[in-house]
$ cat structure17.cif   # mmCIF, C-alpha atoms and all ligand atoms
data_structure
#
loop_
_atom_site.label_atom_id
_atom_site.label_comp_id
_atom_site.auth_asym_id
_atom_site.auth_seq_id
_atom_site.Cartn_x
_atom_site.Cartn_y
_atom_site.Cartn_z
CA MET W 1369 -83.00 -5.28 -126.10
CA SER W 1370 -82.96 -4.79 -129.87
CA THR W 1371 -80.03 -6.28 -131.77
CA LYS W 1372 -80.52 -3.86 -134.64
CA PRO W 1373 -77.99 -1.18 -133.49
CA LEU W 1374 -75.33 -3.87 -133.10
CA LEU W 1375 -76.05 -5.24 -136.57
CA GLY W 1376 -75.90 -1.70 -137.90
CA LEU W 1377 -72.35 -1.27 -136.50
CA LEU W 1378 -71.23 -4.64 -137.85
CA SER W 1379 -72.78 -4.08 -141.28
CA ASP W 1380 -69.53 -2.48 -142.61
CA GLY W 1381 -67.96 -5.98 -142.63
CA GLN W 1382 -64.97 -4.82 -140.52
CA VAL W 1383 -63.70 -6.42 -137.28
CA HIS W 1384 -65.04 -4.60 -134.19
CA SER W 1385 -63.75 -5.31 -130.68
CA GLY W 1386 -66.30 -6.13 -127.99
CA GLU W 1387 -64.99 -3.13 -126.08
CA SER W 1388 -65.55 -0.63 -128.91
CA LEU W 1389 -69.03 -2.01 -129.65
CA ALA W 1390 -69.92 -1.81 -125.95
CA ALA W 1391 -68.69 1.80 -125.76
CA GLU W 1392 -70.60 2.84 -128.91
CA LEU W 1393 -73.85 1.28 -127.73
CA GLY W 1394 -73.45 2.26 -124.06
CA VAL W 1395 -73.76 -1.32 -122.77
CA SER W 1396 -71.38 -3.84 -121.17
CA ARG W 1397 -69.15 -6.24 -123.13
CA THR W 1398 -71.21 -9.10 -121.69
CA ALA W 1399 -74.33 -7.55 -123.21
CA ILE W 1400 -72.57 -7.41 -126.59
CA TRP W 1401 -71.49 -11.03 -126.24
CA LYS W 1402 -75.09 -12.06 -125.44
CA GLN W 1403 -76.51 -10.13 -128.41
CA VAL W 1404 -73.95 -11.71 -130.74
CA GLY W 1405 -75.04 -15.12 -129.45
CA ARG W 1406 -78.70 -14.29 -130.06
CA LEU W 1407 -77.99 -13.15 -133.61
CA GLN W 1408 -75.89 -16.24 -134.33
CA GLY W 1409 -78.73 -18.36 -132.93
CA LYS W 1410 -81.08 -16.74 -135.49
CA GLY W 1411 -78.72 -17.69 -138.31
CA VAL W 1412 -76.87 -14.38 -138.73
CA ALA W 1413 -73.27 -15.19 -139.77
CA ILE W 1414 -71.12 -13.32 -137.22
CA GLU W 1415 -67.56 -14.58 -136.81
CA THR W 1416 -65.87 -14.39 -133.42
CA ILE W 1417 -62.18 -13.62 -134.01
CA ARG W 1418 -60.15 -14.51 -130.92
CA GLY W 1419 -58.43 -11.57 -129.31
CA ARG W 1420 -59.84 -9.13 -131.89
CA GLY W 1421 -63.63 -9.10 -131.80
CA TYR W 1422 -66.52 -9.74 -134.13
CA ARG W 1423 -67.09 -9.51 -137.85
CA LEU W 1424 -70.19 -9.94 -139.95
CA ALA W 1425 -69.51 -12.51 -142.68
CA GLY W 1426 -71.55 -11.58 -145.74
CA SER W 1427 -73.96 -8.71 -146.02
CA VAL W 1428 -77.03 -7.86 -144.02
CA ASP W 1429 -80.15 -6.28 -145.42
CA LEU W 1430 -81.71 -4.46 -142.47
CA LEU W 1431 -85.30 -3.25 -142.42
CA ASP W 1432 -85.51 0.42 -141.62
CA ASN W 1433 -88.62 2.54 -141.02
CA ASP W 1434 -87.13 5.85 -142.29
CA THR W 1435 -85.76 4.26 -145.48
CA ILE W 1436 -89.10 2.65 -146.31
CA ARG W 1437 -91.03 5.83 -145.54
CA SER W 1438 -88.67 7.97 -147.66
CA ARG W 1439 -89.45 5.74 -150.67
CA LEU W 1440 -93.24 6.04 -150.39
CA PRO W 1441 -95.07 8.52 -152.61
CA ALA W 1442 -96.23 11.45 -150.43
CA PRO W 1443 -99.98 10.73 -150.77
CA VAL W 1444 -99.36 7.24 -149.37
CA SER W 1445 -96.72 8.21 -146.81
CA ASP W 1446 -99.02 10.91 -145.35
CA ARG W 1447 -101.76 8.35 -144.65
CA VAL W 1448 -99.77 5.35 -143.43
CA ARG W 1449 -98.72 4.65 -139.83
CA LEU W 1450 -95.68 2.46 -140.39
CA VAL W 1451 -94.14 0.29 -137.66
CA VAL W 1452 -91.03 -1.86 -138.15
CA LEU W 1453 -90.40 -4.49 -135.47
CA ASP W 1454 -87.46 -6.81 -134.89
CA GLU W 1455 -89.75 -9.64 -133.86
CA VAL W 1456 -93.48 -10.24 -133.40
CA ASP W 1457 -95.81 -13.23 -133.08
CA SER W 1458 -97.62 -12.36 -136.34
CA THR W 1459 -97.85 -9.01 -138.09
CA ASN W 1460 -101.58 -9.72 -138.70
CA THR W 1461 -102.07 -10.14 -134.93
CA ASP W 1462 -100.12 -6.94 -134.31
CA ILE W 1463 -102.65 -5.00 -136.41
CA SER W 1464 -105.61 -6.35 -134.35
CA ARG W 1465 -103.78 -5.41 -131.13
CA ARG W 1466 -103.21 -1.88 -132.38
CA TRP W 1467 -106.88 -1.55 -133.34
CA ARG W 1468 -107.85 -2.65 -129.83
CA GLN W 1469 -105.58 0.11 -128.48
CA GLY W 1470 -107.55 2.64 -130.55
CA GLU W 1471 -105.12 3.24 -133.43
CA ASP W 1472 -106.76 4.05 -136.73
CA GLY W 1473 -105.93 5.19 -140.27
CA ILE W 1474 -103.95 2.86 -142.51
CA LEU W 1475 -101.74 0.76 -140.24
CA VAL W 1476 -98.74 -1.09 -141.66
CA THR W 1477 -96.59 -3.40 -139.55
CA LEU W 1478 -93.42 -5.08 -140.80
CA ALA W 1479 -91.30 -7.48 -138.79
CA ASP W 1480 -87.87 -8.96 -139.36
CA THR W 1481 -89.11 -12.29 -138.02
CA GLN W 1482 -92.39 -13.82 -136.75
CA SER W 1483 -92.62 -16.44 -134.00
CA ALA W 1484 -96.17 -17.47 -134.98
CA GLY W 1485 -96.51 -16.48 -138.65
CA ARG W 1486 -99.61 -18.04 -140.16
CA GLY W 1487 -100.71 -18.87 -143.67
CA ARG W 1488 -104.07 -19.73 -145.19
CA ARG W 1489 -105.94 -22.83 -144.05
CA GLY W 1490 -104.20 -22.95 -140.67
CA ARG W 1491 -100.73 -23.45 -142.11
CA VAL W 1492 -97.57 -22.14 -140.43
CA TRP W 1493 -95.74 -19.41 -142.38
CA GLN W 1494 -92.02 -19.96 -141.81
CA SER W 1495 -90.49 -16.57 -140.98
CA PRO W 1496 -86.68 -16.73 -140.67
CA PRO W 1497 -85.02 -13.39 -139.72
CA GLY W 1498 -83.08 -11.18 -142.11
CA GLN W 1499 -84.40 -12.98 -145.20
CA ASN W 1500 -87.90 -12.10 -146.31
CA LEU W 1501 -90.77 -9.65 -145.98
CA TYR W 1502 -93.54 -10.18 -143.44
CA LEU W 1503 -95.95 -7.25 -143.46
CA SER W 1504 -99.58 -6.51 -142.71
CA PHE W 1505 -101.95 -3.68 -143.53
CA GLY W 1506 -104.89 -2.68 -141.36
CA MET W 1507 -107.55 -0.66 -143.20
CA GLN W 1508 -111.12 0.43 -142.57
CA LEU W 1509 -112.99 0.14 -145.84
CA ALA W 1510 -116.27 1.85 -146.61
CA ARG W 1511 -117.64 -1.43 -147.99
CA GLY W 1512 -119.24 -4.29 -146.11
CA PHE W 1513 -118.09 -7.92 -146.41
CA THR W 1514 -120.65 -8.59 -149.10
CA SER W 1515 -118.93 -6.20 -151.50
CA LEU W 1516 -115.37 -7.24 -150.72
CA ASP W 1517 -115.35 -10.08 -153.25
CA GLY W 1518 -112.33 -9.55 -155.41
CA LEU W 1519 -110.23 -7.75 -152.77
CA SER W 1520 -107.94 -10.70 -152.33
CA LEU W 1521 -107.29 -10.88 -156.09
CA VAL W 1522 -106.64 -7.13 -156.19
CA VAL W 1523 -103.90 -7.54 -153.58
CA GLY W 1524 -102.24 -10.30 -155.65
CA CYS W 1525 -102.26 -7.97 -158.69
CA ALA W 1526 -100.85 -5.10 -156.63
CA ILE W 1527 -97.90 -7.18 -155.45
CA ALA W 1528 -97.19 -8.52 -158.94
CA ASP W 1529 -97.33 -4.95 -160.35
CA ALA W 1530 -94.85 -3.72 -157.72
CA LEU W 1531 -92.35 -6.49 -158.45
CA GLU W 1532 -92.66 -6.22 -162.22
CA ALA W 1533 -91.95 -2.47 -161.96
CA MET W 1534 -88.72 -3.44 -160.15
CA GLY W 1535 -87.64 -5.86 -162.89
CA ALA W 1536 -89.24 -9.20 -161.98
CA SER W 1537 -90.69 -11.16 -164.90
CA ASP W 1538 -92.75 -14.29 -165.64
CA LEU W 1539 -94.86 -13.93 -162.52
CA GLY W 1540 -98.25 -15.57 -162.29
CA LEU W 1541 -101.19 -15.60 -159.88
CA LYS W 1542 -102.66 -18.80 -158.56
CA TRP W 1543 -106.25 -18.09 -157.59
CA PRO W 1544 -107.09 -16.44 -155.34
CA ASN W 1545 -103.85 -14.64 -154.54
CA ASP W 1546 -100.65 -16.72 -154.45
CA LEU W 1547 -97.86 -15.03 -156.36
CA VAL W 1548 -96.05 -17.76 -158.23
CA HIS W 1549 -93.35 -18.45 -160.79
CA GLU W 1550 -93.03 -21.76 -162.58
CA ARG W 1551 -90.25 -22.60 -160.09
CA GLY W 1552 -92.53 -22.20 -157.04
CA LYS W 1553 -94.44 -19.86 -154.76
CA LEU W 1554 -92.89 -16.44 -154.21
CA ALA W 1555 -95.47 -14.75 -151.98
CA GLY W 1556 -98.70 -15.50 -150.14
CA VAL W 1557 -101.51 -13.30 -148.87
CA LEU W 1558 -103.67 -13.86 -145.79
CA ILE W 1559 -106.74 -11.61 -145.54
CA GLU W 1560 -108.71 -11.44 -142.30
CA LEU W 1561 -111.94 -9.46 -141.94
CA GLN W 1562 -113.75 -7.94 -138.99
CA GLY W 1563 -116.87 -5.78 -139.13
CA GLU W 1564 -120.27 -5.77 -140.79
CA LEU W 1565 -121.87 -7.54 -143.73
CA GLU W 1566 -123.06 -4.20 -145.11
CA GLY W 1567 -121.66 -0.80 -144.07
CA SER W 1568 -117.94 -0.90 -143.36
CA ALA W 1569 -115.31 -3.55 -142.77
CA GLN W 1570 -111.96 -3.70 -141.01
CA VAL W 1571 -109.54 -5.58 -143.19
CA ILE W 1572 -106.16 -7.06 -142.32
CA ILE W 1573 -104.04 -7.91 -145.35
CA GLY W 1574 -100.94 -9.96 -144.50
CA VAL W 1575 -98.22 -10.48 -147.10
CA GLY W 1576 -95.30 -12.88 -146.84
CA MET W 1577 -92.72 -12.64 -149.63
CA ASN W 1578 -89.50 -14.59 -150.06
CA ILE W 1579 -86.61 -12.26 -150.85
CA HIS W 1580 -83.21 -13.71 -149.89
CA MET W 1581 -84.21 -17.19 -148.72
CA THR W 1582 -82.24 -19.93 -150.44
CA ALA W 1583 -82.87 -22.80 -148.02
CA THR W 1584 -85.34 -23.51 -145.27
CA GLU W 1585 -87.03 -26.38 -143.52
CA GLY W 1586 -90.69 -26.96 -142.87
CA VAL W 1587 -92.19 -25.47 -146.06
CA ASP W 1588 -94.62 -28.03 -147.46
CA GLN W 1589 -94.93 -26.70 -151.02
CA PRO W 1590 -92.50 -25.72 -153.80
CA TRP W 1591 -91.22 -22.20 -153.11
CA THR W 1592 -88.75 -19.74 -154.55
CA SER W 1593 -87.36 -16.28 -153.74
CA LEU W 1594 -86.40 -13.09 -155.57
CA ASP W 1595 -82.68 -13.86 -155.10
CA LEU W 1596 -83.13 -17.35 -156.58
CA LEU W 1597 -85.22 -16.16 -159.52
CA TYR W 1598 -83.36 -12.99 -160.45
CA PRO W 1599 -79.78 -13.38 -159.14
CA GLU W 1600 -78.43 -10.65 -161.41
CA GLN W 1601 -80.39 -8.06 -159.42
CA THR W 1602 -79.68 -6.76 -155.91
CA TRP W 1603 -82.93 -6.94 -153.97
CA LYS W 1604 -83.23 -4.70 -150.91
CA ARG W 1605 -86.01 -5.43 -148.48
CA ASN W 1606 -86.72 -1.74 -147.77
CA ALA W 1607 -87.13 -0.96 -151.46
CA VAL W 1608 -89.40 -3.97 -152.07
CA ALA W 1609 -91.43 -3.16 -148.93
CA ALA W 1610 -91.98 0.44 -150.03
CA ALA W 1611 -93.03 -0.64 -153.54
CA VAL W 1612 -95.47 -3.22 -152.13
CA VAL W 1613 -96.94 -0.81 -149.56
CA ALA W 1614 -97.52 1.90 -152.19
CA SER W 1615 -98.99 -0.51 -154.73
CA VAL W 1616 -101.35 -2.22 -152.25
CA VAL W 1617 -102.62 1.09 -150.78
CA GLU W 1618 -103.20 2.61 -154.24
CA SER W 1619 -104.87 -0.55 -155.59
CA VAL W 1620 -107.19 -0.93 -152.59
CA ASP W 1621 -108.21 2.75 -152.98
CA ARG W 1622 -109.07 2.05 -156.60
CA PHE W 1623 -110.96 -1.13 -155.69
CA VAL W 1624 -113.05 0.76 -153.09
CA GLU W 1625 -113.96 3.40 -155.71
CA GLN W 1626 -114.42 1.21 -158.78
CA GLY W 1627 -114.76 -2.39 -157.66
CA PHE W 1628 -112.99 -5.35 -159.29
CA ALA W 1629 -113.68 -4.44 -162.95
CA PRO W 1630 -110.44 -2.40 -163.54
CA PHE W 1631 -108.37 -5.36 -162.29
CA HIS W 1632 -110.10 -8.13 -164.21
CA ALA W 1633 -107.90 -8.07 -167.32
CA GLN W 1634 -104.57 -7.78 -165.49
CA TRP W 1635 -105.50 -10.64 -163.16
CA ALA W 1636 -106.64 -12.81 -166.09
CA ARG W 1637 -103.32 -12.15 -167.89
CA ARG W 1638 -101.49 -13.75 -164.94
CA ASP W 1639 -103.94 -16.62 -164.36
CA THR W 1640 -101.98 -19.88 -163.90
CA LEU W 1641 -105.05 -22.15 -163.53
CA ARG W 1642 -106.73 -21.37 -166.86
CA ALA W 1643 -107.16 -24.41 -169.12
CA ARG W 1644 -105.68 -26.66 -166.43
CA GLU W 1645 -107.36 -29.74 -164.97
CA LEU W 1646 -108.40 -28.64 -161.48
CA VAL W 1647 -109.59 -30.38 -158.39
CA ALA W 1648 -110.95 -28.84 -155.19
CA ALA W 1649 -109.01 -29.61 -152.01
CA GLY W 1650 -111.67 -32.03 -150.73
CA GLY W 1651 -112.17 -33.61 -154.16
CA GLU W 1652 -115.82 -32.44 -154.27
CA LEU W 1653 -115.39 -30.68 -157.59
CA GLN W 1654 -113.23 -31.23 -160.62
CA GLY W 1655 -113.01 -29.80 -164.08
CA LEU W 1656 -111.21 -27.41 -166.39
CA GLY W 1657 -110.12 -23.89 -165.30
CA GLU W 1658 -112.06 -21.23 -167.23
CA GLY W 1659 -110.76 -18.04 -165.59
CA ILE W 1660 -112.47 -15.57 -163.25
CA ASP W 1661 -115.87 -13.88 -163.43
CA ASP W 1662 -116.50 -10.14 -162.85
CA ALA W 1663 -116.57 -10.60 -159.07
CA GLY W 1664 -113.29 -12.55 -158.93
CA ASN W 1665 -114.86 -16.01 -158.44
CA TYR W 1666 -113.04 -18.84 -160.22
CA LEU W 1667 -114.97 -20.64 -162.96
CA VAL W 1668 -114.55 -24.38 -163.32
CA ARG W 1669 -116.14 -26.33 -166.19
CA THR W 1670 -117.34 -29.54 -164.58
CA ALA W 1671 -119.31 -32.43 -166.09
CA GLU W 1672 -122.47 -30.75 -164.75
CA GLY W 1673 -121.70 -27.31 -166.21
CA VAL W 1674 -119.70 -24.23 -165.17
CA ARG W 1675 -119.42 -23.73 -161.41
CA ALA W 1676 -118.23 -20.43 -159.85
CA VAL W 1677 -115.95 -20.99 -156.86
CA HIS W 1678 -115.91 -18.25 -154.23
CA ALA W 1679 -112.56 -17.24 -152.65
CA GLY W 1680 -112.33 -18.82 -149.21
CA GLU W 1681 -114.94 -21.47 -150.07
CA ILE W 1682 -112.60 -24.17 -151.32
CA SER W 1683 -109.04 -24.22 -152.57
CA LEU W 1684 -108.21 -25.38 -156.07
CA ARG W 1685 -105.14 -27.24 -157.16
CA MET W 1686 -103.95 -28.68 -160.43
CA ARG W 1687 -104.80 -32.34 -160.88
CA SER W 1688 -101.61 -34.38 -160.87
C1 LIG C 1 -100.49 -18.12 -147.54
O1 LIG C 1 -100.80 -19.15 -146.93
O2 LIG C 1 -100.12 -18.16 -148.71
C2 LIG C 1 -100.58 -16.78 -146.85
C3 LIG C 1 -99.31 -16.45 -146.16
C4 LIG C 1 -99.36 -15.10 -145.45
C5 LIG C 1 -98.14 -14.88 -144.59
C6 LIG C 1 -98.08 -13.47 -144.08
S1 LIG C 1 -96.51 -13.08 -143.35
C7 LIG C 1 -97.17 -11.57 -142.77
C8 LIG C 1 -98.56 -11.88 -142.26
N1 LIG C 1 -98.50 -12.35 -140.90
C9 LIG C 1 -98.89 -13.62 -140.79
O3 LIG C 1 -98.94 -14.27 -139.73
N2 LIG C 1 -99.24 -14.10 -141.98
C10 LIG C 1 -99.10 -13.10 -143.02
#
$ encode --input "structure17.cif" --output "structure tokens"
Amino acid sequence: MSTKPLLGLLSDGQVHSGESLAAELGVSRTAIWKQVGRLQGKGVAIETIRGRGYRLAGSVDLLDNDTIRSRLPAPVSDRVRLVVLDEVDSTNTDISRRWRQGEDGILVTLADTQSAGRGRRGRVWQSPPGQNLYLSFGMQLARGFTSLDGLSLVVGCAIADALEAMGASDLGLKWPNDLVHERGKLAGVLIELQGELEGSAQVIIGVGMNIHMTATEGVDQPWTSLDLLYPEQTWKRNAVAAAVVASVVESVDRFVEQGFAPFHAQWARRDTLRARELVAAGGELQGLGEGIDDAGNYLVRTAEGVRAVHAGEISLRMRS
């Protein structure tokens, strides 16, 4: 059973007796007690006050389908099938399942938490509840794989645009699509493709973005969050989700019509690898970052000349 209605009742910060919560939700007091235990187990700070009931310590930023939808521009909202889940294995996997069940159009799945969130190169994407954004888009694009070069960079630009419009600053892109700040990684993108080389492709675009997270275990690279970077602002997950959904849908539309060219300059402006000493993950290539070419490949000046690195081929990091 979903714990969302219970969290909704507790979100006023007042003390609620188990009896009143049970009556409002039409369940037993034992069911309330179990749900409180589950939420506490996920790290939600609910105090049990003896003889009086339960109180939520601190605030909760709930994801809500209607709130997100109401913030989307109509041309996007009309085309998107939006699903908000309490918990899922991975929002990318949810999109493939929904395709197998025959759903089509632009699918968007968000989840409060993922039990098997995945990152690029087989990494785990830590997905604590109530903290961050985990969302995936499923789209059928009238372009085959061979002409999708640059898509991953377009998505990075779209996310950066959305956050900058909400007041974020000093954001950069680490090729191909990590959204970074000098204090660490803020968001990552995992793109998975199904379909044909030419013709059309089914694309899953997964985005993980740190919003409220201030501490976590098991992340193997420097990271940051919107709350840590811009503490003077109140970040609401529904508002950020709506801005990201609108920006990604509009940018992918533009990419399908016009290719990567309109995004080249704005990506280059945010390039964090340019003029840096780079090394490929396996050490097979090293040289100086020279920016991207017109297709979104990364150019590295090596001792043998300039080499264009294709997204997905190898990963680049700064030489330490
Ligand atoms: C990266 O390694 O930087 C990519 C991280 C992508 C994580 C997101 S969270 C939503 C979607 N579902 C997943 O399992 N992964 C992506």
$ closest_residue --input "structure17.cif" --among "W:Val1404, W:Val1617, W:Leu1501, W:Val1456" --to "W:Arg1605" --atoms "only C-alpha atoms"
W:Leu1501
$ residues_near_point --input "structure17.cif" --point "(-70.7, -8.4, -123.7)" --cutoff "12 Å" --atoms "only C-alpha atoms" --output "PyMOL selection string"
chain W and resi 1374+1385-1391+1393-1406+1421-1422
$ write_last_selection --input "structure17.cif" --atoms "C-alpha atoms" --output "compact mmCIF listing (two decimals), keeping the file's coordinate frame"
# COMPACT_ATOMS: atom_id res chain seq x y z
CA LEU W 1374 -75.33 -3.87 -133.10
CA SER W 1385 -63.75 -5.31 -130.68
CA GLY W 1386 -66.30 -6.13 -127.99
CA GLU W 1387 -64.99 -3.13 -126.08
CA SER W 1388 -65.55 -0.63 -128.91
CA LEU W 1389 -69.03 -2.01 -129.65
CA ALA W 1390 -69.92 -1.81 -125.95
CA ALA W 1391 -68.69 1.80 -125.76
CA LEU W 1393 -73.85 1.28 -127.73
CA GLY W 1394 -73.45 2.26 -124.06
CA VAL W 1395 -73.76 -1.32 -122.77
CA SER W 1396 -71.38 -3.84 -121.17
CA ARG W 1397 -69.15 -6.24 -123.13
CA THR W 1398 -71.21 -9.10 -121.69
CA ALA W 1399 -74.33 -7.55 -123.21
CA ILE W 1400 -72.57 -7.41 -126.59
CA TRP W 1401 -71.49 -11.03 -126.24
CA LYS W 1402 -75.09 -12.06 -125.44
CA GLN W 1403 -76.51 -10.13 -128.41
CA VAL W 1404 -73.95 -11.71 -130.74
CA GLY W 1405 -75.04 -15.12 -129.45
CA ARG W 1406 -78.70 -14.29 -130.06
CA GLY W 1421 -63.63 -9.10 -131.80
CA TYR W 1422 -66.52 -9.74 -134.13
$ residues_near_point --input "structure17.cif" --point "(-106.5, -10.1, -144.3)" --cutoff "9 Å" --atoms "only C-alpha atoms" --output "PyMOL selection string"
chain W and resi 1460+1504-1506+1520+1557-1561+1571-1575
$ closest_atom_pairs --input "structure17.cif" --of "chain W" --to "ligand LIG 1 (chain C)" --cutoff "10 Å" --atoms "all atoms listed in the file" --output "JSON lines"
{"residue": "W:Val1456", "atom": "CA", "partner": "C:LIG1", "partner_atom": "N1", "distance": 9.3}
{"residue": "W:Asp1457", "atom": "CA", "partner": "C:LIG1", "partner_atom": "O3", "distance": 7.4}
{"residue": "W:Ser1458", "atom": "CA", "partner": "C:LIG1", "partner_atom": "O3", "distance": 4.1}
{"residue": "W:Thr1459", "atom": "CA", "partner": "C:LIG1", "partner_atom": "N1", "distance": 4.4}
{"residue": "W:Asn1460", "atom": "CA", "partner": "C:LIG1", "partner_atom": "N1", "distance": 4.6}
{"residue": "W:Thr1461", "atom": "CA", "partner": "C:LIG1", "partner_atom": "O3", "distance": 7.1}
{"residue": "W:Asp1462", "atom": "CA", "partner": "C:LIG1", "partner_atom": "N1", "distance": 8.7}
{"residue": "W:Ile1463", "atom": "CA", "partner": "C:LIG1", "partner_atom": "N1", "distance": 9.6}
{"residue": "W:Thr1477", "atom": "CA", "partner": "C:LIG1", "partner_atom": "C7", "distance": 8.8}
{"residue": "W:Leu1478", "atom": "CA", "partner": "C:LIG1", "partner_atom": "C7", "distance": 7.8}
{"residue": "W:Ala1479", "atom": "CA", "partner": "C:LIG1", "partner_atom": "C7", "distance": 8.2}
{"residue": "W:Thr1481", "atom": "CA", "partner": "C:LIG1", "partner_atom": "S1", "distance": 9.2}
{"residue": "W:Gln1482", "atom": "CA", "partner": "C:LIG1", "partner_atom": "O3", "distance": 7.2}
{"residue": "W:Ser1483", "atom": "CA", "partner": "C:LIG1", "partner_atom": "O3", "distance": 8.8}
{"residue": "W:Ala1484", "atom": "CA", "partner": "C:LIG1", "partner_atom": "O3", "distance": 6.4}
{"residue": "W:Gly1485", "atom": "CA", "partner": "C:LIG1", "partner_atom": "O3", "distance": 3.5}
{"residue": "W:Arg1486", "atom": "CA", "partner": "C:LIG1", "partner_atom": "O3", "distance": 3.9}
{"residue": "W:Gly1487", "atom": "CA", "partner": "C:LIG1", "partner_atom": "O1", "distance": 3.3}
{"residue": "W:Arg1488", "atom": "CA", "partner": "C:LIG1", "partner_atom": "O1", "distance": 3.7}
{"residue": "W:Arg1489", "atom": "CA", "partner": "C:LIG1", "partner_atom": "O1", "distance": 6.9}
{"residue": "W:Gly1490", "atom": "CA", "partner": "C:LIG1", "partner_atom": "O1", "distance": 8.1}
{"residue": "W:Arg1491", "atom": "CA", "partner": "C:LIG1", "partner_atom": "O1", "distance": 6.5}
{"residue": "W:Val1492", "atom": "CA", "partner": "C:LIG1", "partner_atom": "O1", "distance": 7.9}
{"residue": "W:Trp1493", "atom": "CA", "partner": "C:LIG1", "partner_atom": "C5", "distance": 5.6}
{"residue": "W:Gln1494", "atom": "CA", "partner": "C:LIG1", "partner_atom": "S1", "distance": 8.4}
{"residue": "W:Ser1495", "atom": "CA", "partner": "C:LIG1", "partner_atom": "S1", "distance": 7.4}
{"residue": "W:Asn1500", "atom": "CA", "partner": "C:LIG1", "partner_atom": "S1", "distance": 9.2}
{"residue": "W:Leu1501", "atom": "CA", "partner": "C:LIG1", "partner_atom": "S1", "distance": 7.2}
{"residue": "W:Tyr1502", "atom": "CA", "partner": "C:LIG1", "partner_atom": "C7", "distance": 3.9}
{"residue": "W:Leu1503", "atom": "CA", "partner": "C:LIG1", "partner_atom": "C7", "distance": 4.5}
{"residue": "W:Ser1504", "atom": "CA", "partner": "C:LIG1", "partner_atom": "C8", "distance": 5.5}
{"residue": "W:Phe1505", "atom": "CA", "partner": "C:LIG1", "partner_atom": "C8", "distance": 9.0}
{"residue": "W:Pro1544", "atom": "CA", "partner": "C:LIG1", "partner_atom": "O2", "distance": 9.8}
{"residue": "W:Asn1545", "atom": "CA", "partner": "C:LIG1", "partner_atom": "O2", "distance": 7.8}
{"residue": "W:Asp1546", "atom": "CA", "partner": "C:LIG1", "partner_atom": "O2", "distance": 5.9}
{"residue": "W:Leu1547", "atom": "CA", "partner": "C:LIG1", "partner_atom": "O2", "distance": 8.6}
{"residue": "W:Lys1553", "atom": "CA", "partner": "C:LIG1", "partner_atom": "O2", "distance": 8.5}
{"residue": "W:Leu1554", "atom": "CA", "partner": "C:LIG1", "partner_atom": "O2", "distance": 9.2}
{"residue": "W:Ala1555", "atom": "CA", "partner": "C:LIG1", "partner_atom": "O2", "distance": 6.6}
{"residue": "W:Gly1556", "atom": "CA", "partner": "C:LIG1", "partner_atom": "O2", "distance": 3.3}
{"residue": "W:Val1557", "atom": "CA", "partner": "C:LIG1", "partner_atom": "C2", "distance": 4.1}
{"residue": "W:Leu1558", "atom": "CA", "partner": "C:LIG1", "partner_atom": "C2", "distance": 4.4}
{"residue": "W:Ile1559", "atom": "CA", "partner": "C:LIG1", "partner_atom": "C2", "distance": 8.1}
{"residue": "W:Glu1560", "atom": "CA", "partner": "C:LIG1", "partner_atom": "C10", "distance": 9.8}
{"residue": "W:Ile1572", "atom": "CA", "partner": "C:LIG1", "partner_atom": "C8", "distance": 9.0}
{"residue": "W:Ile1573", "atom": "CA", "partner": "C:LIG1", "partner_atom": "C8", "distance": 7.4}
{"residue": "W:Gly1574", "atom": "CA", "partner": "C:LIG1", "partner_atom": "C8", "distance": 3.8}
{"residue": "W:Val1575", "atom": "CA", "partner": "C:LIG1", "partner_atom": "C6", "distance": 4.3}
{"residue": "W:Gly1576", "atom": "CA", "partner": "C:LIG1", "partner_atom": "S1", "distance": 3.7}
{"residue": "W:Met1577", "atom": "CA", "partner": "C:LIG1", "partner_atom": "S1", "distance": 7.3}
{"residue": "W:Asn1578", "atom": "CA", "partner": "C:LIG1", "partner_atom": "S1", "distance": 9.8}
$ closest_residue --input "structure17.cif" --among "W:Pro1496, W:Val1624, W:His1580, W:Asn1433" --to "W:Gln1508" --atoms "all atoms listed in the file"
W:Val1624
$ atom_distance --input "structure17.cif" --atom1 "atom CA of W:Pro1590" --atom2 "atom CA of W:Val1616"
25.2 Å
$ atom_distance --input "structure17.cif" --atom1 "atom CA of W:Thr1435" --atom2 "atom CA of W:Leu1597"
24.8 Å
$ closest_residue --input "structure17.cif" --among "W:Val1383, W:Met1369, W:Leu1516, W:Ala1530" --to "W:Asp1454" --atoms "only C-alpha atoms"
W:Met1369
$ residues_around --input "structure17.cif" --residues "W:Asp1595" --least-positions-apart "4" --cutoff "8 Å" --atoms "all atoms listed in the file" --output "PyMOL selection string"
chain W and resi 1579-1582+1599+1601-1603
$ closest_residue --input "structure17.cif" --among "W:Gly1524, W:Gly1376, W:Gly1473, W:Gly1673" --to "W:Ser1615" --atoms "only C-alpha atoms"
W:Gly1524
$ residues_around --input "structure17.cif" --residues "W:His1549" --least-positions-apart "5" --cutoff "10 Å" --atoms "all atoms listed in the file" --output "ChimeraX atom specification"
/W:1537-1542,1554-1555,1591-1593,1597,1640
$ closest_residue --input "structure17.cif" --among "W:Gln1589, W:Ser1438, W:Thr1670, W:Gln1408" --to "W:Ala1610" --atoms "all atoms listed in the file"
W:Ser1438
$ atom_distance --input "structure17.cif" --atom1 "atom CA of W:Asp1472" --atom2 "atom CA of W:Val1448"
9.8 Å
$ closest_residue --input "structure17.cif" --among "W:Glu1415, W:Arg1675, W:Ala1533, W:Leu1596" --to "W:Ala1583" --atoms "all atoms listed in the file"
W:Leu1596
$ closest_atom_pairs --input "structure17.cif" --of "stretch 1565-1630 of chain W" --to "stretch 1655-1665 of chain W" --cutoff "9 Å" --atoms "all atoms listed in the file" --output "Markdown table"
| residue | atom | partner | partner_atom | distance |
| --- | --- | --- | --- | --- |
| W:Gly1627 | CA | W:Ala1663 | CA | 8.5 |
| W:Phe1628 | CA | W:Ala1663 | CA | 6.4 |
| W:Ala1629 | CA | W:Asp1662 | CA | 6.4 |
